[in-house]
Every structure is written in structure tokens, then in C-alpha cells.
>>> print(open('entry.txt').read())   # compact mmCIF, C-alpha atoms
# COMPACT_ATOMS: atom_id res chain seq x y z
CA MET Q 22 109.59 102.74 138.60
CA THR Q 23 111.11 99.56 137.24
CA SER Q 24 114.05 100.30 134.99
CA VAL Q 25 114.57 98.85 131.54
CA SER Q 26 117.30 96.22 131.09
CA ILE Q 27 119.06 94.82 128.06
CA HIS Q 28 120.47 91.39 127.34
CA ILE Q 29 122.83 90.69 124.43
CA ASP Q 30 123.43 87.24 122.97
CA CYS Q 31 124.36 85.52 119.72
CA ILE Q 32 123.57 82.08 118.36
CA ASP Q 33 125.36 79.99 115.74
CA VAL Q 34 123.12 77.92 113.49
CA SER Q 35 124.34 75.17 111.14
CA LEU Q 36 122.42 75.22 107.89
CA GLU Q 37 122.60 73.01 104.81
CA LYS Q 38 122.72 74.17 101.18
CA GLY Q 39 119.88 76.64 100.54
CA PRO Q 40 117.08 76.93 100.81
CA ASP Q 41 117.46 75.31 104.22
CA ILE Q 42 115.18 76.23 107.10
CA VAL Q 43 115.99 75.57 110.77
CA ASP Q 44 113.87 76.14 113.89
CA ILE Q 45 115.66 78.57 116.24
CA THR Q 46 112.81 78.86 118.76
CA PRO Q 47 114.52 76.72 121.44
CA GLU Q 48 117.63 78.92 121.33
CA LEU Q 49 115.52 82.09 121.54
CA HIS Q 50 113.57 80.65 124.50
CA ARG Q 51 116.84 79.90 126.27
CA ILE Q 52 118.11 83.46 125.64
CA VAL Q 53 114.88 84.96 127.04
CA GLN Q 54 115.25 82.84 130.17
CA ASP Q 55 118.91 83.80 130.56
CA SER Q 56 117.93 87.46 130.21
CA ARG Q 57 115.52 87.26 133.20
CA ILE Q 58 113.46 89.87 131.32
CA SER Q 59 109.75 89.39 132.02
CA ALA Q 60 108.21 91.82 129.52
CA GLY Q 61 109.70 93.48 126.46
CA THR Q 62 110.90 92.74 122.98
CA LEU Q 63 113.43 90.40 121.36
CA ASN Q 64 115.12 91.56 118.16
CA ALA Q 65 116.98 88.94 116.11
CA THR Q 66 119.09 89.67 113.04
CA MET Q 67 120.69 87.30 110.54
CA ILE Q 68 124.35 88.27 109.97
CA GLY Q 69 125.24 87.80 106.30
CA SER Q 70 123.56 88.75 103.05
CA THR Q 71 122.42 85.27 101.96
CA GLY Q 72 120.37 84.38 105.04
CA SER Q 73 117.04 85.54 106.48
CA LEU Q 74 114.68 85.19 109.44
CA THR Q 75 110.91 84.74 109.67
CA THR Q 76 108.26 82.67 111.48
CA ILE Q 77 106.31 79.65 110.21
CA GLU Q 78 104.62 76.50 111.53
CA PHE Q 79 107.71 74.31 111.65
CA GLU Q 80 106.34 71.05 110.26
CA PRO Q 81 107.92 69.26 107.27
CA GLY Q 82 105.12 70.10 104.82
CA ALA Q 83 104.98 73.86 105.43
CA VAL Q 84 108.79 73.99 105.45
CA ALA Q 85 108.94 72.22 102.05
CA ASP Q 86 106.28 74.59 100.70
CA LEU Q 87 108.22 77.65 101.87
CA LYS Q 88 111.43 76.36 100.26
CA GLN Q 89 109.58 75.99 96.97
CA ALA Q 90 108.05 79.48 97.19
CA VAL Q 91 111.43 81.03 98.03
CA ASN Q 92 112.89 79.39 94.93
CA ARG Q 93 110.03 80.83 92.87
CA LEU Q 94 110.86 84.35 94.11
CA ALA Q 95 114.35 84.05 92.60
CA PRO Q 96 114.90 80.74 90.76
CA PRO Q 97 118.44 79.31 91.09
CA GLU Q 98 118.51 78.34 87.39
CA GLU Q 99 118.03 81.88 86.06
CA GLN Q 100 120.77 84.32 84.99
CA TYR Q 101 121.89 86.87 87.59
CA ALA Q 102 124.03 89.98 87.06
CA HIS Q 103 125.78 89.21 90.36
CA GLU Q 104 127.27 86.08 88.77
CA LEU Q 105 128.63 87.88 85.71
CA ALA Q 106 131.00 89.68 88.06
CA TRP Q 107 131.52 87.12 90.83
CA HIS Q 108 130.94 83.69 89.25
CA ASP Q 109 130.03 82.28 92.64
CA GLY Q 110 126.67 80.90 91.55
CA ASN Q 111 124.66 82.49 94.36
CA GLY Q 112 122.95 85.43 92.62
CA HIS Q 113 119.55 84.00 93.48
CA SER Q 114 120.61 83.62 97.14
CA HIS Q 115 121.22 87.36 97.50
CA VAL Q 116 117.88 88.23 95.94
CA GLN Q 117 115.91 85.72 98.02
CA ALA Q 118 117.49 86.93 101.27
CA ALA Q 119 116.92 90.62 100.47
CA LEU Q 120 113.25 89.96 99.66
CA MET Q 121 112.71 88.00 102.90
CA GLY Q 122 114.54 90.50 105.13
CA PRO Q 123 117.23 90.03 107.82
CA SER Q 124 115.30 90.66 111.05
CA ILE Q 125 112.29 89.86 113.22
CA SER Q 126 110.97 91.40 116.44
CA LEU Q 127 109.18 89.07 118.84
CA PRO Q 128 107.39 89.84 122.12
CA VAL Q 129 108.52 88.72 125.56
CA ARG Q 130 105.62 88.29 127.97
CA ALA Q 131 105.51 86.68 131.44
CA GLY Q 132 109.20 85.82 131.11
CA GLN Q 133 108.62 83.81 127.93
CA LEU Q 134 108.96 84.35 124.20
CA ARG Q 135 105.35 84.85 123.06
CA LEU Q 136 104.51 83.10 119.78
CA GLY Q 137 101.43 81.32 118.45
CA THR Q 138 101.01 77.67 119.37
CA TRP Q 139 102.00 76.56 115.88
CA GLN Q 140 104.39 79.45 115.17
CA GLN Q 141 108.15 78.99 115.28
CA ALA Q 142 111.02 81.38 114.60
CA VAL Q 143 113.23 80.09 111.78
CA ALA Q 144 116.57 80.88 110.16
CA ILE Q 145 116.90 80.38 106.41
CA ASN Q 146 120.10 79.80 104.48
CA HIS Q 147 119.69 80.84 100.84
CA ASP Q 148 123.30 80.21 99.81
CA ILE Q 149 124.54 77.39 97.58
CA GLY Q 150 126.65 75.72 100.25
CA ALA Q 151 126.26 74.70 103.88
CA ARG Q 152 126.89 77.57 106.31
CA VAL Q 153 127.22 78.24 109.99
CA ARG Q 154 125.20 81.42 110.44
CA LYS Q 155 125.44 83.95 113.26
CA ILE Q 156 122.21 85.44 114.55
CA GLU Q 157 122.55 88.42 116.87
CA VAL Q 158 119.84 88.64 119.54
CA THR Q 159 118.95 91.65 121.71
CA VAL Q 160 116.31 91.44 124.46
CA ILE Q 161 115.08 94.72 125.96
CA GLY Q 162 112.55 94.99 128.75
CA VAL Q 163 111.82 94.95 132.47
CA ARG Q 164 112.98 92.19 134.81
CA MET Z 17 119.47 111.84 132.19
CA THR Z 18 115.97 110.79 131.26
CA SER Z 19 115.46 107.09 131.76
CA VAL Z 20 113.99 104.71 129.21
CA SER Z 21 110.48 103.35 129.82
CA ILE Z 22 108.54 100.48 128.36
CA HIS Z 23 104.83 100.03 127.68
CA ILE Z 24 103.27 96.65 126.92
CA ASP Z 25 99.93 96.19 125.19
CA CYS Z 26 98.03 93.77 122.96
CA ILE Z 27 95.28 94.29 120.42
CA ASP Z 28 92.69 91.86 119.08
CA VAL Z 29 91.80 92.30 115.41
CA SER Z 30 88.86 90.62 113.67
CA LEU Z 31 89.78 89.55 110.17
CA GLU Z 32 87.77 87.88 107.42
CA LYS Z 33 88.85 84.90 105.30
CA GLY Z 34 92.29 85.58 103.82
CA PRO Z 35 93.74 87.48 102.32
CA ASP Z 36 92.03 90.12 104.44
CA ILE Z 37 93.77 93.36 105.34
CA VAL Z 38 92.75 95.64 108.22
CA ASP Z 39 94.08 99.06 109.25
CA ILE Z 40 95.48 98.89 112.79
CA THR Z 41 96.91 102.44 112.85
CA PRO Z 42 94.18 103.85 115.16
CA GLU Z 43 94.87 101.13 117.75
CA LEU Z 44 98.63 101.76 117.55
CA HIS Z 45 98.08 105.52 117.93
CA ARG Z 46 95.98 104.87 121.03
CA ILE Z 47 98.68 102.60 122.50
CA VAL Z 48 101.37 105.23 121.90
CA GLN Z 49 99.24 107.83 123.68
CA ASP Z 50 98.55 105.46 126.59
CA SER Z 51 102.30 104.83 126.87
CA ARG Z 52 103.05 108.56 127.37
CA ILE Z 53 106.34 107.81 125.54
CA SER Z 54 107.45 110.83 123.54
CA ALA Z 55 110.35 109.36 121.54
CA GLY Z 56 111.30 105.78 120.85
CA THR Z 57 110.19 102.72 118.93
CA LEU Z 58 107.05 100.60 118.66
CA ASN Z 59 107.45 96.91 117.86
CA ALA Z 60 104.34 95.02 116.77
CA THR Z 61 104.17 91.25 116.19
CA MET Z 62 101.41 89.12 114.71
CA ILE Z 63 100.76 86.09 116.93
CA GLY Z 64 100.03 83.03 114.77
CA SER Z 65 101.65 81.55 111.71
CA THR Z 66 99.01 82.50 109.12
CA GLY Z 67 99.02 86.25 109.70
CA SER Z 68 101.44 89.09 108.97
CA LEU Z 69 102.05 92.82 109.45
CA THR Z 70 103.23 95.53 107.06
CA THR Z 71 102.41 99.13 106.00
CA ILE Z 72 100.51 100.35 102.93
CA GLU Z 73 98.35 103.27 101.81
CA PHE Z 74 95.06 101.97 103.18
CA GLU Z 75 92.70 102.78 100.31
CA PRO Z 76 90.48 100.14 98.64
CA GLY Z 77 92.49 100.00 95.40
CA ALA Z 78 95.94 99.45 96.91
CA VAL Z 79 94.45 96.98 99.39
CA ALA Z 80 92.86 94.97 96.54
CA ASP Z 81 96.16 95.07 94.63
CA LEU Z 82 98.09 93.77 97.65
CA LYS Z 83 95.60 90.91 98.14
CA GLN Z 84 96.12 89.87 94.54
CA ALA Z 85 99.91 90.05 94.81
CA VAL Z 86 99.87 88.01 98.02
CA ASN Z 87 97.84 85.33 96.25
CA ARG Z 88 100.38 85.32 93.44
CA LEU Z 89 103.22 84.67 95.92
CA ALA Z 90 101.50 81.43 97.00
CA PRO Z 91 98.31 80.70 95.02
CA PRO Z 92 95.51 79.05 97.05
CA GLU Z 93 94.68 76.67 94.19
CA GLU Z 94 98.12 75.03 94.06
CA GLN Z 95 99.20 71.81 95.80
CA TYR Z 96 100.97 72.19 99.16
CA ALA Z 97 102.91 69.57 101.10
CA HIS Z 98 101.41 70.99 104.31
CA GLU Z 99 97.98 69.80 103.17
CA LEU Z 100 99.09 66.25 102.44
CA ALA Z 101 99.68 65.87 106.17
CA TRP Z 102 97.06 68.20 107.66
CA HIS Z 103 94.25 68.46 105.08
CA ASP Z 104 93.29 71.85 106.46
CA GLY Z 105 93.47 73.63 103.12
CA ASN Z 106 95.71 76.45 104.33
CA GLY Z 107 99.12 75.50 102.92
CA HIS Z 108 99.24 78.72 100.92
CA SER Z 109 98.38 80.74 104.06
CA HIS Z 110 101.49 79.54 105.87
CA VAL Z 111 103.73 80.32 102.91
CA GLN Z 112 102.24 83.78 102.33
CA ALA Z 113 102.60 84.73 106.00
CA ALA Z 114 106.21 83.48 106.23
CA LEU Z 115 107.16 85.47 103.12
CA MET Z 116 105.56 88.66 104.46
CA GLY Z 117 107.01 88.35 107.96
CA PRO Z 118 105.41 88.65 111.41
CA SER Z 119 106.70 92.01 112.68
CA ILE Z 120 107.21 95.72 112.05
CA SER Z 121 109.10 98.42 113.94
CA LEU Z 122 107.67 101.95 113.77
CA PRO Z 123 109.07 105.20 115.19
CA VAL Z 124 107.49 107.24 117.97
CA ARG Z 125 108.26 110.94 117.71
CA ALA Z 126 106.78 113.92 119.57
CA GLY Z 127 104.46 111.55 121.41
CA GLN Z 128 102.94 110.25 118.18
CA LEU Z 129 103.35 107.23 115.94
CA ARG Z 130 105.37 108.60 113.00
CA LEU Z 131 104.21 107.32 109.60
CA GLY Z 132 103.93 108.85 106.15
CA THR Z 133 100.76 110.82 105.38
CA TRP Z 134 99.41 108.01 103.22
CA GLN Z 135 101.05 105.16 105.13
CA GLN Z 136 99.05 102.95 107.48
CA ALA Z 137 100.01 99.91 109.56
CA VAL Z 138 97.99 96.85 108.58
CA ALA Z 139 97.34 93.33 109.80
CA ILE Z 140 96.82 90.59 107.22
CA ASN Z 141 94.97 87.32 107.71
CA HIS Z 142 96.17 84.71 105.21
CA ASP Z 143 94.10 81.84 106.61
CA ILE Z 144 91.07 80.26 104.93
CA GLY Z 145 88.62 81.27 107.63
CA ALA Z 146 87.78 84.41 109.64
CA ARG Z 147 90.07 84.88 112.63
CA VAL Z 148 90.46 87.10 115.65
CA ARG Z 149 94.19 87.82 115.69
CA LYS Z 150 96.30 88.92 118.62
CA ILE Z 151 99.00 91.51 117.92
CA GLU Z 152 101.50 92.09 120.71
CA VAL Z 153 102.79 95.67 120.92
CA THR Z 154 105.84 96.94 122.82
CA VAL Z 155 106.69 100.65 123.02
CA ILE Z 156 110.17 101.59 124.32
CA GLY Z 157 111.43 105.14 124.75
CA VAL Z 158 111.60 108.24 126.90
CA ARG Z 159 108.55 109.93 128.41
CA MET T 10 123.71 98.28 136.84
CA THR T 11 124.24 100.18 133.60
CA SER T 12 121.09 101.94 132.49
CA VAL T 13 119.60 101.76 129.01
CA SER T 14 119.86 104.85 126.78
CA ILE T 15 118.09 105.89 123.63
CA HIS T 16 119.25 107.91 120.65
CA ILE T 17 116.86 109.34 118.06
CA ASP T 18 117.90 110.39 114.56
CA CYS T 19 116.55 110.73 111.04
CA ILE T 20 118.23 110.57 107.65
CA ASP T 21 117.14 111.95 104.29
CA VAL T 22 118.00 109.81 101.29
CA SER T 23 117.77 110.95 97.67
CA LEU T 24 116.47 108.20 95.44
CA GLU T 25 115.86 108.01 91.71
CA LYS T 26 112.75 106.66 89.96
CA GLY T 27 111.99 103.17 91.32
CA PRO T 28 113.09 100.64 91.78
CA ASP T 29 116.16 102.51 93.02
CA ILE T 30 118.36 101.09 95.77
CA VAL T 31 120.78 103.15 97.87
CA ASP T 32 123.30 102.04 100.50
CA ILE T 33 122.48 103.71 103.84
CA THR T 34 125.09 101.82 105.89
CA PRO T 35 127.47 104.82 106.22
CA GLU T 36 124.67 106.99 107.64
CA LEU T 37 123.65 104.25 110.08
CA HIS T 38 127.28 103.80 111.18
CA ARG T 39 127.51 107.53 111.83
CA ILE T 40 124.29 107.49 113.87
CA VAL T 41 125.56 104.58 115.99
CA GLN T 42 128.77 106.48 116.70
CA ASP T 43 126.85 109.66 117.57
CA SER T 44 124.69 107.62 119.96
CA ARG T 45 127.74 106.42 121.95
CA ILE T 46 125.72 103.23 122.52
CA SER T 47 128.03 100.22 122.75
CA ALA T 48 125.53 97.34 122.75
CA GLY T 49 121.89 97.26 121.74
CA THR T 50 119.64 97.48 118.73
CA LEU T 51 119.03 99.93 115.89
CA ASN T 52 115.54 100.15 114.42
CA ALA T 53 115.15 101.93 111.08
CA THR T 54 111.82 102.67 109.40
CA MET T 55 111.07 104.04 105.92
CA ILE T 56 108.56 106.88 106.13
CA GLY T 57 106.14 106.70 103.19
CA SER T 58 104.16 103.88 101.62
CA THR T 59 106.19 103.49 98.40
CA GLY T 60 109.60 102.84 99.98
CA SER T 61 111.16 99.94 101.89
CA LEU T 62 114.29 98.82 103.78
CA THR T 63 116.30 95.59 103.70
CA THR T 64 119.90 94.35 103.54
CA ILE T 65 121.88 93.04 100.55
CA GLU T 66 125.46 92.81 99.29
CA PHE T 67 125.64 96.27 97.76
CA GLU T 68 127.43 95.53 94.48
CA PRO T 69 126.01 96.52 91.08
CA GLY T 70 125.12 92.99 90.01
CA ALA T 71 123.13 91.99 93.11
CA VAL T 72 121.46 95.40 93.13
CA ALA T 73 120.36 94.98 89.49
CA ASP T 74 119.11 91.47 90.28
CA LEU T 75 117.05 92.73 93.22
CA LYS T 76 115.49 95.50 91.11
CA GLN T 77 114.41 92.90 88.57
CA ALA T 78 112.97 90.60 91.23
CA VAL T 79 111.08 93.48 92.84
CA ASN T 80 109.52 94.30 89.47
CA ARG T 81 108.50 90.66 89.10
CA LEU T 82 106.67 90.80 92.45
CA ALA T 83 104.44 93.58 91.11
CA PRO T 84 105.16 94.45 87.46
CA PRO T 85 104.81 98.17 86.59
CA GLU T 86 103.05 97.35 83.31
CA GLU T 87 100.13 95.49 84.89
CA GLN T 88 96.72 96.94 85.80
CA TYR T 89 96.24 98.06 89.41
CA ALA T 90 93.00 98.94 91.20
CA HIS T 91 94.85 101.79 92.95
CA GLU T 92 95.24 103.53 89.60
CA LEU T 93 91.56 103.29 88.68
CA ALA T 94 90.91 105.68 91.56
CA TRP T 95 94.08 107.75 91.66
CA HIS T 96 95.55 107.69 88.15
CA ASP T 97 99.01 108.32 89.56
CA GLY T 98 100.63 105.33 87.87
CA ASN T 99 102.22 103.94 91.02
CA GLY T 100 99.93 101.01 91.91
CA HIS T 101 102.85 98.60 91.57
CA SER T 102 104.98 100.81 93.87
CA HIS T 103 102.53 100.42 96.76
CA VAL T 104 102.37 96.65 96.35
CA GLN T 105 106.15 96.23 96.07
CA ALA T 106 106.78 98.33 99.19
CA ALA T 107 104.12 96.52 101.25
CA LEU T 108 105.58 93.12 100.29
CA MET T 109 109.13 94.21 101.19
CA GLY T 110 108.16 95.86 104.50
CA PRO T 111 109.06 99.25 106.02
CA SER T 112 111.52 98.35 108.76
CA ILE T 113 114.68 96.51 109.79
CA SER T 114 116.30 95.87 113.17
CA LEU T 115 120.09 95.67 113.25
CA PRO T 116 122.42 94.85 116.15
CA VAL T 117 124.89 97.27 117.75
CA ARG T 118 127.91 95.52 119.21
CA ALA T 119 131.21 96.97 120.52
CA GLY T 120 130.00 100.44 119.58
CA GLN T 121 129.51 99.49 115.93
CA LEU T 122 126.64 98.48 113.68
CA ARG T 123 127.11 94.71 113.31
CA LEU T 124 126.51 93.40 109.76
CA GLY T 125 128.09 90.71 107.63
CA THR T 126 131.22 91.66 105.69
CA TRP T 127 129.28 91.79 102.44
CA GLN T 128 125.98 92.89 103.94
CA GLN T 129 124.77 96.48 103.62
CA ALA T 130 121.57 98.20 104.77
CA VAL T 131 119.67 99.67 101.83
CA ALA T 132 116.73 101.98 101.18
CA ILE T 133 114.51 101.24 98.18
CA ASN T 134 112.30 103.72 96.33
CA HIS T 135 109.49 101.91 94.51
CA ASP T 136 107.73 105.05 93.27
CA ILE T 137 107.60 106.28 89.67
CA GLY T 138 109.51 109.50 90.31
CA ALA T 139 112.65 110.57 92.19
CA ARG T 140 112.07 111.08 95.90
CA VAL T 141 113.84 112.33 98.98
CA ARG T 142 112.92 109.76 101.59
CA LYS T 143 112.97 110.13 105.37
CA ILE T 144 114.20 107.18 107.39
CA GLU T 145 113.62 107.38 111.14
CA VAL T 146 116.32 105.68 113.22
CA THR T 147 116.13 104.69 116.90
CA VAL T 148 119.13 103.23 118.75
CA ILE T 149 118.49 101.65 122.16
CA GLY T 150 121.17 100.14 124.38
CA VAL T 151 123.87 100.67 126.97
CA ARG T 152 126.67 103.24 126.64
>>> encode(input="entry.txt", output="C-alpha cells")
Amino acid sequence: MTSVSIHIDCIDVSLEKGPDIVDITPELHRIVQDSRISAGTLNATMIGSTGSLTTIEFEPGAVADLKQAVNRLAPPEEQYAHELAWHDGNGHSHVQAALMGPSISLPVRAGQLRLGTWQQAVAINHDIGARVRKIEVTVIGVR
Amino acid sequence: MTSVSIHIDCIDVSLEKGPDIVDITPELHRIVQDSRISAGTLNATMIGSTGSLTTIEFEPGAVADLKQAVNRLAPPEEQYAHELAWHDGNGHSHVQAALMGPSISLPVRAGQLRLGTWQQAVAINHDIGARVRKIEVTVIGVR
Amino acid sequence: MTSVSIHIDCIDVSLEKGPDIVDITPELHRIVQDSRISAGTLNATMIGSTGSLTTIEFEPGAVADLKQAVNRLAPPEEQYAHELAWHDGNGHSHVQAALMGPSISLPVRAGQLRLGTWQQAVAINHDIGARVRKIEVTVIGVR
């Protein structure tokens, strides 16, 4: 029987003022190759409560549309209870990130990250300033 | 010590014009049984950027309600930047799918997929035409 | 080579009438310590179709903001097809939970659950009455 292996990694992503959306697929591909895992699962988690992860077709139009939709979920110009206490102006950022969720699980097949042809993994910064975000990545599977 | 095993599978799901929602619980149950894994986790990922996965009580009313809510998140009749470039009429599909997210993680306990009594795993097609969707499934645990 | 281990656990969380949001980070920390796993991934899944999991900065303001946003996604006072059949008044609860999603994956690093400093894992009850919710937790990694 082939035994199950694990590979741990972490990527730093520079993001502009939110909502900013960056393609992290190349970094995830590199991690899968480093892991030498041929079949299994990759779990990625955004560290920090004003960021999120998802997948989308990473082309400028769809990215602009997603930014607009995210700002409809929790509009920056509304009043937030978070700001009454903290006055840091990012109440909407917390709500947007919590609604989107911090994590995704993606398949590893034939030694590659398996996504659709027009499907990319993306990191989103919802905060009101530029941020370098940490994304923790765990790959589990057989070599 | 019992060693950890992995089982890899993939299901094809036929979906109508979006938003269409199909119960994939029977297929996931079958995969868990094939895996002979008694305790662990099942990760499922929608391949393609206009589909998503979640859980819901799969009865016609709740399914109709979810379709309506999904169309409120990104209404098909609005203007999307994606369509200015691609003219394929599915700008809303990309946004809906990215907001919902591509993946779910479900527990395997006592050799069965563990869900609530009225909780089913579902695949959603957000695209403007019928699609056969691939869902990659990875089960990790002890036999 | 160090072999991969698995640790299975389950927590019960008491939640008030939805939307109610409870910090489950202490329970997850305890489970990670019990697991003696030093590096890997923790998957948590809400059992039941009117609950969900995510992360947020768990302070009263952000929590109140998220409750409001969740009720905007599927307002309790609207008409739902689910209720025409079931008359249980929780049509919005099913939609909210399905949009949020049932599961999160969080990293385990240096024997600890790795989250941002102001990032907590939370369980959400979307239902119209108080509930004790089961959350199944699977930790996979190396000891």
C-alpha cells in the first residue's frame, strides 16, 4: 500500500486596497510540484479576518464584476457597529470576508492542481489599505 | 497504529441552465462506501468557474428559494464587464459561482457520509446553458 | 518518513435563535492539542441545513454587522417557497445557510490552530429557534 504524505507551505500575497483580487494559481501549482504528491487534496486558508479565497475566471471583466458584487454584499459607505467601537473604517471588510469564507479545497490529480480551463484560485483583500496576506497551504495525498 | 488511506474519485453531473441545483448526496455516499474509509474527511470540488457546491435541505421549496437568492446576489439582467469583452452572456454566472465557492468538506463517520437528516450536498450550475459538470472527490481517513 | 495521522472529534454548540454567532475557536484549539498533530489541516463541518461556519473578528460590533448582512442575503420577513410546503417559518434560514456554506478548512502549524490575531472560527445558527448544533471536526497531519 502506498502511504499518505503531507506537504506544508505558505505564500505571501501583496494586495492593494480592497476589494482587490489576485490570482494565486501559479503559486499553488508550484507548491503542488514541490510536494511531489500525485493525487490528493490541497487546502488553502487566508490568514486574517479581512481576506478571503475563492475561484473565478481571472480575466479583467469578471474580476471587476466580482469586486462590485462584493461591495454590494456589504457596502463600504454604510454604517457598521464595528466602527463605533474601533473607528478603523473597515466594518464592511470584516462582513465581506466572513460571507466569502477563508478557505478552499482543490484537487490534486496526476501531480497537478486540477482546475477548470478558465478557473483560477484567487485571494481577495477586503480591507481599506494595501496588505501583504499570508495564505497557509496544506497538500495531502500519495506520491 | 492504523495508517491513513486516500481514495480518489470523480463524478459527472448533468445540470440544466442556471441556476440549477442537483442533489449529489447519493453519489458521495457511493464513493464513501467504495473507499472503505470508516473515519475521515471528504473534500469535493466543482471543476469550472460557473459552478459551485454547498449543502441544503433538498426539497423543491428550499431549492426554489436558493435559486432566487442566488439570482439576487448577481442578477442575470444586469450589465457585467465580463460580457463587454466576451459577449457570452454569463457574467452573472461567474460572479454567483465565485461568491458561493467551489468546494465543501464533509465528515466520514462509521463508514458513512455524515450529514444532518435534512441536509444534502448539492451541485449548482450558474451558467446560461445546460452543462455536464465534473466534481472531483477526495476521501482521506482510516479504513 | 513521518506517517500521517488522523484525529476525529465532534463538538456541541448551544446557539440562540438565528442569526446567532458563537466563537468555537477555544474548542478547536483544544481538539488540535488533543490530536497531538503538529502540522496539517483541520476540517470542520456544521451538521444540519440551517447552520454554517466561517471566520470573523469575534467582537460585538463585527458580529452584529454580520448578523445584519446575513439577514439581508435572505430576509426573514420575505415569502419563501419552503414555507408553502412546510409552514415552519424557516425558509430564510435554509437559504442563508446554503449561501454561507457548511465547512471551513484551517491550518495546524507548530501544534496550534493557525489563525490571524483577530480572526476567530465561528458557528452560525440561522434557524428560528435555539439549537444545539453538532460540528464534526477532522484533523489530519503529522505528529
>>> closest_atom_pairs(input="entry.txt", of="chain Z", to="chain T", cutoff="9 Å", atoms="only C-alpha atoms", output="Markdown table")
| residue | atom | partner | partner_atom | distance |
| --- | --- | --- | --- | --- |
| Z:Met17 | CA | T:Ser14 | CA | 8.8 |
| Z:Thr18 | CA | T:Ser14 | CA | 8.4 |
| Z:Ser19 | CA | T:Ser14 | CA | 7.0 |
| Z:Val20 | CA | T:Val13 | CA | 6.3 |
| Z:Ala55 | CA | T:Ile17 | CA | 7.4 |
| Z:Gly56 | CA | T:Thr147 | CA | 6.3 |
| Z:Thr57 | CA | T:Thr147 | CA | 6.6 |
| Z:Leu69 | CA | T:Gly110 | CA | 8.4 |
| Z:Thr70 | CA | T:Gly110 | CA | 5.6 |
| Z:Thr71 | CA | T:Ala107 | CA | 5.7 |
| Z:Ile72 | CA | T:Ser58 | CA | 5.2 |
| Z:Glu73 | CA | T:Ser58 | CA | 5.8 |
| Z:Glu75 | CA | T:His91 | CA | 7.7 |
| Z:Pro76 | CA | T:His91 | CA | 7.4 |
| Z:Gly77 | CA | T:His91 | CA | 3.8 |
| Z:Ala78 | CA | T:His91 | CA | 4.7 |
| Z:Val79 | CA | T:His91 | CA | 8.0 |
| Z:Ala80 | CA | T:Ala90 | CA | 6.7 |
| Z:Asp81 | CA | T:Tyr89 | CA | 6.0 |
| Z:Leu82 | CA | T:Val104 | CA | 5.3 |
| Z:Ala85 | CA | T:Ala83 | CA | 6.8 |
| Z:Val86 | CA | T:Leu108 | CA | 8.0 |
| Z:Arg88 | CA | T:Leu82 | CA | 8.4 |
| Z:Leu89 | CA | T:Leu82 | CA | 7.8 |
| Z:Leu115 | CA | T:Leu108 | CA | 8.3 |
| Z:Met116 | CA | T:Leu108 | CA | 6.1 |
| Z:Gly117 | CA | T:Gly110 | CA | 8.3 |
| Z:Ser119 | CA | T:Ser112 | CA | 8.9 |
| Z:Ile120 | CA | T:Ser112 | CA | 6.0 |
| Z:Ser121 | CA | T:Ser112 | CA | 5.7 |
| Z:Leu122 | CA | T:Thr54 | CA | 6.1 |
| Z:Pro123 | CA | T:Glu145 | CA | 6.5 |
| Z:Arg125 | CA | T:Ile17 | CA | 8.8 |
| Z:Arg130 | CA | T:Ile56 | CA | 7.8 |
| Z:Leu131 | CA | T:Ile56 | CA | 5.6 |
| Z:Gly132 | CA | T:Gly57 | CA | 4.3 |
| Z:Thr133 | CA | T:Gly57 | CA | 7.1 |
| Z:Trp134 | CA | T:Ser58 | CA | 6.5 |
| Z:Gln135 | CA | T:Ser58 | CA | 4.9 |
| Z:Gln136 | CA | T:Ser58 | CA | 7.8 |
| Z:Ile156 | CA | T:Ile149 | CA | 8.6 |
| Z:Gly157 | CA | T:Ile15 | CA | 6.8 |
| Z:Val158 | CA | T:Ile15 | CA | 7.6 |
>>> residues_around(input="entry.txt", residues="Q:Gln54", least_positions_apart="6", cutoff="10 Å", atoms="all atoms listed in the file", output="number ranges by chain")
Q: 48, 132-134
>>> atom_distance(input="entry.txt", atom1="atom CA of T:Pro28", atom2="atom CA of T:Glu87")
15.6 Å
>>> atom_distance(input="entry.txt", atom1="atom CA of T:Ala130", atom2="atom CA of T:Ser47")
19.2 Å
>>> residues_around(input="entry.txt", residues="Z:Glu32", least_positions_apart="2", cutoff="8 Å", atoms="only C-alpha atoms", output="list in words")
Ser30, Gly34, Pro35, Asp36, Asn141, Gly145, Ala146 and Arg147 of chain Z
>>> atom_distance(input="entry.txt", atom1="atom CA of Q:Arg154", atom2="atom CA of T:Val117")
17.5 Å
>>> residues_near_point(input="entry.txt", point="(126.6, 77.0, 90.5)", cutoff="9 Å", atoms="all atoms listed in the file", output="PyMOL selection string")
chain Q and resi 97-98+108-111+149
